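Novice: Here's a structure for you.
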Amino acid sequence: MTATALSGIIAASPVYAQDVQGEETYDDNVIIVTASKRETTLQETPISVSVTTGETLENAQIRDVLDLQSVTPSLRVSQLQTSSASTFIIRGFGNGDNNFGIEPSVGVFIDGVFRSRSAAALSDLPNVQRIEVLNGPQSTLFGKNASAGVISVVTREPQFQFGGAVEAVYGNFNNVVLKGDLTGPVTDNIAFSVDGSYNSRDGYANIVNLNEEQNNRNRWAARGQLLFEPTSDLKIRAIGDYSRINEICCQVTTVVAGPTAGAIQLLGGQFSTDRFSYDAFLNQVPINKVDNYGGSIQVDYDAGPLSFTSISSYRELKNLFISDIDYSSLDVANETRNQRVKTLTQEFRVASDFDGPINFLLGGYYFDESISQISQIENGTQIRDFFELLAGGNPADIIAGNPSVFNGVEAGLGLPQESIFLTPLLTAEQFSMDNTSYSIFGTVDFEPIDGLVFTGGFNYTDDKKDFALAQQSFDPLGQINLIDAFIVGATGGTVASRAQFQALPAANQAALLAAAQSAANPLLGLSAFQFQPPFLTIPNAVEDGKTRDDKFTYLLRASYRVSEEVNVYGSYATGFKASSVNLSRDSRPSSADFVAGPGGSTFAAPSSPILDAGLALPNLRSGSRFAGPETATVYEVGVKGQWQGFGFNLALFDQTIKGFQSLAFTGTGFALQNAGQQSVRGVEFDSTISPTDGLVFTFAMTYLDPLFDDFPGSVLGDLSGVKPAGIPQIAISTSATYSHEFGASGNKLVTRIDYSHESNTPINNGLPTFNAALGNTQIFDREVNLVNGSMTLKLENGLEVGGYVRNLFNDQFLTTVFDGVAQAGTVSGYPSAPRTYGGVVRFKF
């Protein structure tokens with residue numbers, strides 16, 4: 001469900017108060033479990049959960065969830081092609097968000113409202129109270145997209161005491177951050193709050209040939225809240241927010257310059273092969289614009305032994321990006337994607353607070369979302385010359401403006417002269433998807449003796465998706481199947497259709513096919529230039545463009561308070577994520593609906609529903625329209641202890657996802673398919689040590705041992721028995737914080753240093769083009785070692801002055817790599833961010 005981590009029996013929520021200066025104070029490890037309306041300690045909460053306080057976020061200069069991974073070792077966040085395309089991964093499970101048809105495996109919730117795409121969760125949040133990361137399947141309490149875990153951001157609600165804060169930051173790359181919040185009473189039972197942030201920074205990368213900076217920051221956010229408390233039993237919280245991102249992102253470096261590099265350079269194009277020079281060469285400045293806005297109303301009513309909660313929300317997300325997809329200064333191709341998401345949710349739940357041994361929570365959740373996308377790939381002014389060179393054209397003729405290869409192809413195939421790669425657009429797409437889902441969920445606690453609690457939970461989810469995809473492919477070469485075209489020519493036009501070919505004797509068919517796939521067919525060399533063949537629109541007579549899923553998931557857990565200091569628990573939980581849809585150019589019929597003949601031939605294709613319905617198109621191949629549901633299971637045991645000056649949490653788990661929805665970038669689209677089974681065994685440990693007043697050490701570590709138990713049909717071949725890449729075996733987050741009090745003045749100096757580490761690991765299991773050609777060798781690795789520090793002088797009058805540095809030692813690594821677009825043998829990658837530092841002035845009142 002959306003907000004039920006805070007309404008269920010396993011949520012971790014530190015209790016905060018705010019003094020007149022707005023400084024947070026809290027009791028160590030105290031949380032609220034609202035299912036029973038009682039306070040309990042974090043050590044008594046039977047789940048592996050990380051809680052980052054608002055004070056930690058301030059000291060560490062963490063402004064959005066992209067930086068949260070530096071303090072949460074089980075979480076990984078990576079930014080991909082644009083400012084809005086990020087991936088959240090917990091315990092090695094997660095999905096890329098560069099395809100809006102993919103439902104996330106890690107659910108992100110802000111004030112109890114589900115943000116269905118990461119682009120809607122990336123705004124700077126100036127008034128955060130805490131961020132909770134719940135590890136492992138949370139479907140019993142969350143339901144919608146929590147099969148791998150949950151990130152729950154909780155902001156401060158309005159106060160009936162006047163207060164607020166303002167903050168200004170200036171850092172390198174001309175980073176300017178302005179934040180402020182104000183809260184106070186309107187009447188005796190109505191309070192308000194407003195907050196906002198502005199974040200501007202020069203780019204740390206340069207588009208050299210265009211004299212433009214890249215990887216900048218230009219975003220702002222604003223939010224207003226009203227809190228109504230007409231009686232002591234009724235509370236209504238209304239929130240409205242708007243945020244905007246308008247940035248130039250994201251810098252790509254050439255990791256390996258393949259055989260096509262010479263053609264780019266011969267035509268005057270440039271690219272950078274220095275991975276960490278932060279230099280780029282593009283033919284146009286990328287555009288990244290995100291508008292994210294919406295509102296929610298939460299109603300809480302306490303009726304003594306029963307409490308009722310309702311959360312209603314409506315949100316819209318607009319996402320536009322335009323980018324040079326060949327990542328060179330040569331004008332080859334550009335992509336535009338314009339997306340819009342509208343989301344309506346409603347949650348209702350009732351929780352008990354009985355004196356007896358049994359308490360319960362019961363709720364329902366409704367989700368209604370529509371997604372639309374208009375996108376296109378534009379042919380660049382130099383695309384034909386570039387492919388002329390790759391096709392073996394004479395460089396001197398091409399440079400002189402007299403190319404001949406494609407003119408000859410056009411003449412031979414009967415196409416208009418100057419038509420191949422000279423249409424304004426290569427493709428245009430129109431995608432839409434409507435998703436409605438409802439869930440019924442509940443938990444029951446049974447405490448037969450003091451300290452021993454048995455918990456059972458369930459969730460039933462029904463999910464429906466209706467999608468429509470259409471694409472126009474404009475390049476004439478892509479409309480011709482080279483096997484069938486050879487057969488037409490070899491038979492003098494007497495065999496010009498599938499019916500005529502199938503009427504031939506079997507021996508004649510075999511002979512023609514053999515010749516068409518041999519050196520006798522001069523057209524075969526053109527297959528490398530057929531980038532976007534015709535697209536079969538869906539729905540059609542065979543494919544209805546619908547997914548219908550439903551699933552019952554459950555939780556069984558026992559926890560026992562061994563002593564006032566030690567608690568143990570064991571649990572078994574299942575999780576569920578509904579089908580995801582491949583909203584990309586590589587959306588193709590399943591092999592059950594269509595099987596192409598050799599070389600994509602329609603003439604030689606076997607009978608199939610699509611072929612028999614007369615829907616087959618030249619070069620149509622099978623693939624995936626959608627991936628079926630994910631089902632997760634996890635066994636977990638844990639122990640939590642808390643003593644004076646020392647506390648720890650330890651969890652051991654064995655987690656499996658059947659049908660994991662694997663998403664692979666294929667150049668201009670995505671391959672979406674279900675892995676048979678992916679599992680991970682691991683250990684999570686975190687501790688807090690306070691040897692003396694004012695000094696606090698934290699240490700957290702995650703050990704993961706992942707495996708593709710069964711994945712025979714990946715784009716890289718059979719990965720069964722292979723370790724999934726991109727999942728570090730060891731991840732560590734540790735910190736030291738010292739608060740020096742200046743006597744009884746109320747002034748103090750807070751110094752913090754933290755370190756995060758990810759052990760060396762392959763970035764991925766290989767690339768479909770580059771590594772396949774090399775027998776899946778030369779896999780690229782990544783190791784992360786980040787040191788951050790801060791020092792803040794906090795005065796009794798509310799003034800704070802400090803400085804910070806992130807990535808102190810300028811650690812450099814590639815976050816991910818991918819096959820170069822239309823450049824076989826080229827590998828592109830995203831370099832990590834450089835060191836940043838600055839000063840901050842803050843005043844709380």
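Here, A, B, ... name the chains of the structure tokens in the order displayed, residue numbers run from 1 inside each chain, and ligands are numbered from 1 in the same displayed order.
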List every residue of region 353-577 of chain A that DSSP, applied to the backbone of this structure, places in strand (DSSP E or B), and write the result as a PyMOL selection string.

Specialist: chain A and resi 358-379+425-449+452-473+538+546-561+566-577

Novice: Quick check for you: according to DSSP on this backbone, which residues of region 458-526 of chain A are classed as alpha helix (DSSP H)? Reply as a list in words.

Specialist: Leu482, Ile483, Asp484, Ala485, Phe486, Ile487, Val488, Gly489, Ala490, Arg498, Ala499, Gln500, Phe501, Gln502, Ala506, Ala507, Asn508, Gln509, Ala510, Ala511, Leu512, Leu513, Ala514, Ala515 and Ala516 of chain A

Novice: Near Lys318 (chain A), counting only C-alpha atoms, which residues have an atom at most 6 Å away, once you skip same-chain residues fewer than 4 positions from it, shown as a PDB file with N, CA and C atoms, in the first residue's frame?

Specialist:
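Below you can see result20.pdb, which holds the result:
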```pdb
ATOM      1  N   VAL A 290      11.515  18.628 -16.337  1.00  0.00           N
ATOM      2  CA  VAL A 290      10.594  17.821 -15.546  1.00  0.00           C
ATOM      3  C   VAL A 290       9.707  18.750 -14.725  1.00  0.00           C
ATOM      4  N   ASP A 291       8.405  18.615 -14.879  1.00  0.00           N
ATOM      5  CA  ASP A 291       7.437  19.308 -14.036  1.00  0.00           C
ATOM      6  C   ASP A 291       6.668  18.261 -13.247  1.00  0.00           C
ATOM      7  N   GLN A 339       6.839  12.837 -22.266  1.00  0.00           N
ATOM      8  CA  GLN A 339       6.036  11.897 -21.502  1.00  0.00           C
ATOM      9  C   GLN A 339       5.162  12.624 -20.485  1.00  0.00           C
ATOM     10  N   ARG A 340       4.019  12.023 -20.179  1.00  0.00           N
ATOM     11  CA  ARG A 340       3.132  12.597 -19.175  1.00  0.00           C
ATOM     12  C   ARG A 340       2.489  11.459 -18.383  1.00  0.00           C
TER      13      ARG A 340
END
```

Novice: Just checking: using only C-alpha atoms, which residue out of A:Tyr755, A:Phe486, A:Tyr554, A:Phe843 ends up closest to Gly164 (chain A)?

Specialist: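 Of the candidates, the smallest distance to Gly164 (chain A) is held by A:Phe843.
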
Novice: For Asp302 (chain A), which of A:Glu212, A:Asp111, A:Glu429, A:Asp233 is the closest residue, counting only C-alpha atoms?

Specialist: A:Asp233

Novice: Would you compute the distance between CA of Pro768 (chain A) and CA of Leu672 (chain A)? Give it in Å to one decimal.

Specialist: 13.5 Å

Novice: If I take CA of Ser296 (chain A) and CA of Lys465 (chain A), how far is one from the other in Å, to one decimal?

Specialist: 24.2 Å

Novice: At a cut-off of 12 Å, using only C-alpha atoms, what residues contact Ala503 (chain A)? Leave out same-chain residues fewer than 6 positions from it and give the result as a VMD selection string.

Specialist: chain A and resid 494 to 497 509 603 to 604

Novice: Can I get the selected residues back with all heavy atoms, as a PDB file, in the first residue's frame?

Specialist:
```pdb
ATOM      1  N   THR A 494       8.970 -13.718 -60.332  1.00  0.00           N
ATOM      2  CA  THR A 494       7.876 -14.692 -60.370  1.00  0.00           C
ATOM      3  C   THR A 494       7.453 -15.134 -58.970  1.00  0.00           C
ATOM      4  O   THR A 494       6.338 -15.625 -58.774  1.00  0.00           O
ATOM      5  CB  THR A 494       8.285 -15.929 -61.179  1.00  0.00           C
ATOM      6  OG1 THR A 494       9.449 -16.520 -60.584  1.00  0.00           O
ATOM      7  CG2 THR A 494       8.589 -15.548 -62.625  1.00  0.00           C
ATOM      8  N   VAL A 495       8.376 -14.985 -57.998  1.00  0.00           N
ATOM      9  CA  VAL A 495       8.046 -15.259 -56.591  1.00  0.00           C
ATOM     10  C   VAL A 495       8.142 -13.932 -55.858  1.00  0.00           C
ATOM     11  O   VAL A 495       9.231 -13.459 -55.539  1.00  0.00           O
ATOM     12  CB  VAL A 495       8.992 -16.300 -55.968  1.00  0.00           C
ATOM     13  CG1 VAL A 495       8.661 -16.497 -54.485  1.00  0.00           C
ATOM     14  CG2 VAL A 495       8.891 -17.629 -56.713  1.00  0.00           C
ATOM     15  N   ALA A 496       7.008 -13.316 -55.626  1.00  0.00           N
ATOM     16  CA  ALA A 496       6.998 -11.979 -55.023  1.00  0.00           C
ATOM     17  C   ALA A 496       6.116 -11.909 -53.781  1.00  0.00           C
ATOM     18  O   ALA A 496       5.833 -10.830 -53.293  1.00  0.00           O
ATOM     19  CB  ALA A 496       6.520 -10.956 -56.055  1.00  0.00           C
ATOM     20  N   SER A 497       5.700 -13.079 -53.275  1.00  0.00           N
ATOM     21  CA  SER A 497       4.872 -13.086 -52.072  1.00  0.00           C
ATOM     22  C   SER A 497       5.127 -14.372 -51.305  1.00  0.00           C
ATOM     23  O   SER A 497       5.695 -15.344 -51.842  1.00  0.00           O
ATOM     24  CB  SER A 497       3.390 -12.988 -52.438  1.00  0.00           C
ATOM     25  OG  SER A 497       2.955 -14.183 -53.077  1.00  0.00           O
ATOM     26  N   GLN A 509      12.499 -24.247 -52.347  1.00  0.00           N
ATOM     27  CA  GLN A 509      12.508 -23.302 -51.229  1.00  0.00           C
ATOM     28  C   GLN A 509      13.854 -23.341 -50.509  1.00  0.00           C
ATOM     29  O   GLN A 509      14.440 -22.290 -50.206  1.00  0.00           O
ATOM     30  CB  GLN A 509      11.386 -23.640 -50.243  1.00  0.00           C
ATOM     31  CG  GLN A 509       9.977 -23.419 -50.762  1.00  0.00           C
ATOM     32  CD  GLN A 509       8.930 -23.703 -49.693  1.00  0.00           C
ATOM     33  OE1 GLN A 509       9.173 -23.472 -48.516  1.00  0.00           O
ATOM     34  NE2 GLN A 509       7.772 -24.204 -50.120  1.00  0.00           N
ATOM     35  N   PHE A 603       8.571 -14.574 -46.240  1.00  0.00           N
ATOM     36  CA  PHE A 603       8.312 -15.649 -47.186  1.00  0.00           C
ATOM     37  C   PHE A 603       8.483 -17.011 -46.514  1.00  0.00           C
ATOM     38  O   PHE A 603       7.665 -17.914 -46.700  1.00  0.00           O
ATOM     39  CB  PHE A 603       9.267 -15.567 -48.377  1.00  0.00           C
ATOM     40  CG  PHE A 603       8.990 -14.451 -49.343  1.00  0.00           C
ATOM     41  CD1 PHE A 603       8.014 -13.496 -49.085  1.00  0.00           C
ATOM     42  CD2 PHE A 603       9.718 -14.334 -50.520  1.00  0.00           C
ATOM     43  CE1 PHE A 603       7.777 -12.463 -49.977  1.00  0.00           C
ATOM     44  CE2 PHE A 603       9.486 -13.305 -51.419  1.00  0.00           C
ATOM     45  CZ  PHE A 603       8.519 -12.363 -51.144  1.00  0.00           C
ATOM     46  N   ALA A 604       9.559 -17.143 -45.726  1.00  0.00           N
ATOM     47  CA  ALA A 604       9.912 -18.448 -45.148  1.00  0.00           C
ATOM     48  C   ALA A 604       9.453 -18.588 -43.707  1.00  0.00           C
ATOM     49  O   ALA A 604       9.796 -19.561 -43.044  1.00  0.00           O
ATOM     50  CB  ALA A 604      11.417 -18.663 -45.235  1.00  0.00           C
TER      51      ALA A 604
END
```

Novice: Env of Ile732 (chain A): 10 Å cut, atoms = only C-alpha atoms, seq-sep filter 6 positions within chain, self excluded. Answer as a list in words.

Specialist: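 The residues satisfying every condition are Ser70, Val71, Thr72, Pro73, Ser74, Glu684, Phe685, Asp686, Phe699, Ala700, Met701, Thr702, Tyr703, Tyr755, Ser756, His757, Glu758, Ser759 and Asn785 of chain A.
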
Novice: Please, could you write that set of residues out with N, CA and C atoms as a PDB file, in the first residue's frame?

Specialist:
```pdb
ATOM      1  N   SER A  70      24.904   7.007   0.131  1.00  0.00           N
ATOM      2  CA  SER A  70      26.156   7.158   0.850  1.00  0.00           C
ATOM      3  C   SER A  70      26.016   6.849   2.336  1.00  0.00           C
ATOM      4  N   VAL A  71      24.776   6.824   2.856  1.00  0.00           N
ATOM      5  CA  VAL A  71      24.557   6.501   4.262  1.00  0.00           C
ATOM      6  C   VAL A  71      23.708   5.240   4.422  1.00  0.00           C
ATOM      7  N   THR A  72      23.328   4.597   3.318  1.00  0.00           N
ATOM      8  CA  THR A  72      22.474   3.406   3.370  1.00  0.00           C
ATOM      9  C   THR A  72      23.093   2.326   2.484  1.00  0.00           C
ATOM     10  N   PRO A  73      23.846   1.379   3.058  1.00  0.00           N
ATOM     11  CA  PRO A  73      24.611   0.445   2.213  1.00  0.00           C
ATOM     12  C   PRO A  73      23.772  -0.519   1.402  1.00  0.00           C
ATOM     13  N   SER A  74      22.523  -0.807   1.813  1.00  0.00           N
ATOM     14  CA  SER A  74      21.703  -1.739   1.043  1.00  0.00           C
ATOM     15  C   SER A  74      21.053  -1.080  -0.172  1.00  0.00           C
ATOM     16  N   GLU A 684      22.957  -8.060   6.725  1.00  0.00           N
ATOM     17  CA  GLU A 684      22.939  -6.616   6.937  1.00  0.00           C
ATOM     18  C   GLU A 684      23.222  -6.345   8.409  1.00  0.00           C
ATOM     19  N   PHE A 685      24.161  -5.448   8.644  1.00  0.00           N
ATOM     20  CA  PHE A 685      24.550  -5.120  10.015  1.00  0.00           C
ATOM     21  C   PHE A 685      24.733  -3.618  10.130  1.00  0.00           C
ATOM     22  N   ASP A 686      24.188  -3.043  11.165  1.00  0.00           N
ATOM     23  CA  ASP A 686      24.482  -1.651  11.451  1.00  0.00           C
ATOM     24  C   ASP A 686      24.584  -1.463  12.955  1.00  0.00           C
ATOM     25  N   PHE A 699      28.457   2.358  12.030  1.00  0.00           N
ATOM     26  CA  PHE A 699      29.031   1.435  11.060  1.00  0.00           C
ATOM     27  C   PHE A 699      27.913   0.560  10.530  1.00  0.00           C
ATOM     28  N   ALA A 700      27.785   0.506   9.213  1.00  0.00           N
ATOM     29  CA  ALA A 700      26.773  -0.332   8.571  1.00  0.00           C
ATOM     30  C   ALA A 700      27.417  -1.072   7.412  1.00  0.00           C
ATOM     31  N   MET A 701      27.063  -2.332   7.263  1.00  0.00           N
ATOM     32  CA  MET A 701      27.644  -3.146   6.194  1.00  0.00           C
ATOM     33  C   MET A 701      26.590  -4.098   5.646  1.00  0.00           C
ATOM     34  N   THR A 702      26.633  -4.285   4.347  1.00  0.00           N
ATOM     35  CA  THR A 702      25.778  -5.265   3.686  1.00  0.00           C
ATOM     36  C   THR A 702      26.652  -6.220   2.887  1.00  0.00           C
ATOM     37  N   TYR A 703      26.415  -7.518   3.058  1.00  0.00           N
ATOM     38  CA  TYR A 703      27.073  -8.545   2.261  1.00  0.00           C
ATOM     39  C   TYR A 703      26.010  -9.227   1.414  1.00  0.00           C
ATOM     40  N   TYR A 755      32.197   7.701   5.350  1.00  0.00           N
ATOM     41  CA  TYR A 755      32.870   6.941   4.291  1.00  0.00           C
ATOM     42  C   TYR A 755      31.915   5.868   3.797  1.00  0.00           C
ATOM     43  N   SER A 756      31.790   5.764   2.478  1.00  0.00           N
ATOM     44  CA  SER A 756      30.985   4.700   1.879  1.00  0.00           C
ATOM     45  C   SER A 756      31.828   3.958   0.851  1.00  0.00           C
ATOM     46  N   HIS A 757      31.645   2.647   0.820  1.00  0.00           N
ATOM     47  CA  HIS A 757      32.470   1.783  -0.022  1.00  0.00           C
ATOM     48  C   HIS A 757      31.607   0.718  -0.677  1.00  0.00           C
ATOM     49  N   GLU A 758      31.855   0.470  -1.963  1.00  0.00           N
ATOM     50  CA  GLU A 758      31.290  -0.666  -2.672  1.00  0.00           C
ATOM     51  C   GLU A 758      32.447  -1.465  -3.250  1.00  0.00           C
ATOM     52  N   SER A 759      32.501  -2.737  -2.941  1.00  0.00           N
ATOM     53  CA  SER A 759      33.604  -3.567  -3.419  1.00  0.00           C
ATOM     54  C   SER A 759      33.597  -3.665  -4.937  1.00  0.00           C
ATOM     55  N   ASN A 785      34.690   4.366  -3.471  1.00  0.00           N
ATOM     56  CA  ASN A 785      35.223   4.775  -2.178  1.00  0.00           C
ATOM     57  C   ASN A 785      35.002   6.276  -2.027  1.00  0.00           C
TER      58      ASN A 785
END
```

Novice: May I ask which of the residues A:Val77, A:Val154, A:Ser147, A:Leu556 is the closest one to Thr52 (chain A), counting only C-alpha atoms?

Specialist: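 Between A:Val77, A:Val154, A:Ser147, A:Leu556, the residue approaching Thr52 (chain A) most closely is A:Val154.
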
Novice: What does the distance from CA of Ala351 (chain A) to CA of Ser307 (chain A) come to in Å, to one decimal?

Specialist: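 Separating CA of Ala351 (chain A) from CA of Ser307 (chain A) is a distance of 5.3 Å.
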
Novice: Skipping near chain neighbours, those fewer than 3 positions away, what residues fall within 12 Å of His740 (chain A) using only C-alpha atoms, listed as an MDAnalysis selection string?

Specialist: chainID A and resid 692:696 737 743:752 791:795

Novice: Keeping N, CA, C and O atoms for every residue in the selection just given, could you write it to a file as a JSON list (two decimals), in the first residue's frame?

Specialist:
```
[["chain", "number", "residue", "atom", "x", "y", "z"],
["A", 692, "THR", "N", 31.58, 8.34, 24.49],
["A", 692, "THR", "CA", 31.59, 9.47, 25.41],
["A", 692, "THR", "C", 30.58, 10.49, 24.93],
["A", 692, "THR", "O", 30.14, 10.46, 23.78],
["A", 693, "ASP", "N", 30.20, 11.40, 25.81],
["A", 693, "ASP", "CA", 29.23, 12.41, 25.44],
["A", 693, "ASP", "C", 29.72, 13.20, 24.23],
["A", 693, "ASP", "O", 30.86, 13.66, 24.18],
["A", 694, "GLY", "N", 28.83, 13.33, 23.24],
["A", 694, "GLY", "CA", 29.14, 14.14, 22.07],
["A", 694, "GLY", "C", 29.80, 13.40, 20.94],
["A", 694, "GLY", "O", 29.91, 13.93, 19.82],
["A", 695, "LEU", "N", 30.29, 12.17, 21.16],
["A", 695, "LEU", "CA", 30.98, 11.42, 20.12],
["A", 695, "LEU", "C", 30.15, 10.21, 19.72],
["A", 695, "LEU", "O", 29.80, 9.38, 20.57],
["A", 696, "VAL", "N", 29.84, 10.09, 18.43],
["A", 696, "VAL", "CA", 29.01, 9.00, 17.93],
["A", 696, "VAL", "C", 29.68, 8.40, 16.70],
["A", 696, "VAL", "O", 30.01, 9.12, 15.74],
["A", 737, "THR", "N", 30.80, 11.38, 14.24],
["A", 737, "THR", "CA", 30.27, 12.72, 14.50],
["A", 737, "THR", "C", 30.67, 13.14, 15.91],
["A", 737, "THR", "O", 30.46, 12.38, 16.87],
["A", 743, "GLY", "N", 31.00, 25.01, 26.93],
["A", 743, "GLY", "CA", 30.50, 25.28, 28.26],
["A", 743, "GLY", "C", 28.99, 25.24, 28.31],
["A", 743, "GLY", "O", 28.34, 24.38, 27.72],
["A", 744, "ALA", "N", 28.42, 26.19, 29.05],
["A", 744, "ALA", "CA", 26.96, 26.26, 29.19],
["A", 744, "ALA", "C", 26.36, 27.31, 28.28],
["A", 744, "ALA", "O", 25.23, 27.74, 28.48],
["A", 745, "SER", "N", 27.11, 27.73, 27.26],
["A", 745, "SER", "CA", 26.65, 28.81, 26.39],
["A", 745, "SER", "C", 25.52, 28.40, 25.46],
["A", 745, "SER", "O", 24.82, 29.24, 24.90],
["A", 746, "GLY", "N", 25.37, 27.08, 25.25],
["A", 746, "GLY", "CA", 24.40, 26.61, 24.28],
["A", 746, "GLY", "C", 24.96, 26.56, 22.87],
["A", 746, "GLY", "O", 24.28, 26.14, 21.94],
["A", 747, "ASN", "N", 26.21, 26.98, 22.69],
["A", 747, "ASN", "CA", 26.87, 26.92, 21.39],
["A", 747, "ASN", "C", 27.63, 25.60, 21.27],
["A", 747, "ASN", "O", 28.18, 25.08, 22.25],
["A", 748, "LYS", "N", 27.68, 25.08, 20.08],
["A", 748, "LYS", "CA", 28.43, 23.84, 19.88],
["A", 748, "LYS", "C", 28.96, 23.75, 18.46],
["A", 748, "LYS", "O", 28.42, 24.37, 17.52],
["A", 749, "LEU", "N", 30.02, 22.96, 18.29],
["A", 749, "LEU", "CA", 30.65, 22.71, 17.00],
["A", 749, "LEU", "C", 30.46, 21.25, 16.65],
["A", 749, "LEU", "O", 30.89, 20.36, 17.41],
["A", 750, "VAL", "N", 29.78, 20.98, 15.55],
["A", 750, "VAL", "CA", 29.49, 19.60, 15.13],
["A", 750, "VAL", "C", 30.36, 19.27, 13.93],
["A", 750, "VAL", "O", 30.31, 19.93, 12.89],
["A", 751, "THR", "N", 31.19, 18.24, 14.10],
["A", 751, "THR", "CA", 32.08, 17.79, 13.03],
["A", 751, "THR", "C", 31.70, 16.37, 12.63],
["A", 751, "THR", "O", 31.50, 15.51, 13.50],
["A", 752, "ARG", "N", 31.58, 16.15, 11.34],
["A", 752, "ARG", "CA", 31.15, 14.83, 10.85],
["A", 752, "ARG", "C", 32.03, 14.41, 9.68],
["A", 752, "ARG", "O", 32.36, 15.23, 8.80],
["A", 791, "MET", "N", 31.55, 20.44, 8.85],
["A", 791, "MET", "CA", 31.78, 21.06, 10.16],
["A", 791, "MET", "C", 30.83, 22.24, 10.28],
["A", 791, "MET", "O", 30.76, 23.09, 9.38],
["A", 792, "THR", "N", 30.05, 22.26, 11.36],
["A", 792, "THR", "CA", 29.02, 23.29, 11.53],
["A", 792, "THR", "C", 29.09, 23.86, 12.93],
["A", 792, "THR", "O", 29.06, 23.11, 13.92],
["A", 793, "LEU", "N", 29.17, 25.17, 13.02],
["A", 793, "LEU", "CA", 29.08, 25.88, 14.29],
["A", 793, "LEU", "C", 27.64, 26.27, 14.51],
["A", 793, "LEU", "O", 27.07, 27.05, 13.73],
["A", 794, "LYS", "N", 27.03, 25.74, 15.59],
["A", 794, "LYS", "CA", 25.63, 26.00, 15.87],
["A", 794, "LYS", "C", 25.53, 26.87, 17.11],
["A", 794, "LYS", "O", 25.90, 26.44, 18.22],
["A", 795, "LEU", "N", 25.05, 28.09, 16.93],
["A", 795, "LEU", "CA", 24.96, 29.04, 18.03],
["A", 795, "LEU", "C", 23.60, 28.95, 18.71],
["A", 795, "LEU", "O", 22.59, 28.56, 18.09]]
```

Novice: Residues of region 603-691 of chain A that have any atom at most 10 Å from an atom of region 545-553 of chain A: could you tabulate them with the shortest-distance atom pair and the distance in Å to one decimal, using only C-alpha atoms, ordered by chain and increasing number, as a Markdown table?

Specialist:
```
| residue | atom | partner | partner_atom | distance |
| --- | --- | --- | --- | --- |
| A:Arg625 | CA | A:Gly545 | CA | 8.5 |
| A:Phe626 | CA | A:Thr547 | CA | 8.4 |
| A:Ala627 | CA | A:Thr547 | CA | 9.6 |
| A:Gly628 | CA | A:Thr547 | CA | 8.4 |
| A:Pro629 | CA | A:Asp549 | CA | 7.4 |
| A:Thr631 | CA | A:Lys551 | CA | 8.9 |
| A:Ala632 | CA | A:Thr553 | CA | 9.2 |
| A:Thr633 | CA | A:Thr553 | CA | 9.4 |
```

Novice: I'd like the contact shell of Ser590 (chain A) - 9 Å cut-off, only C-alpha atoms, skipping same-chain residues fewer than 2 positions apart - returned as a VMD selection string.

Specialist: chain A and resid 588 592 to 595 621 to 626
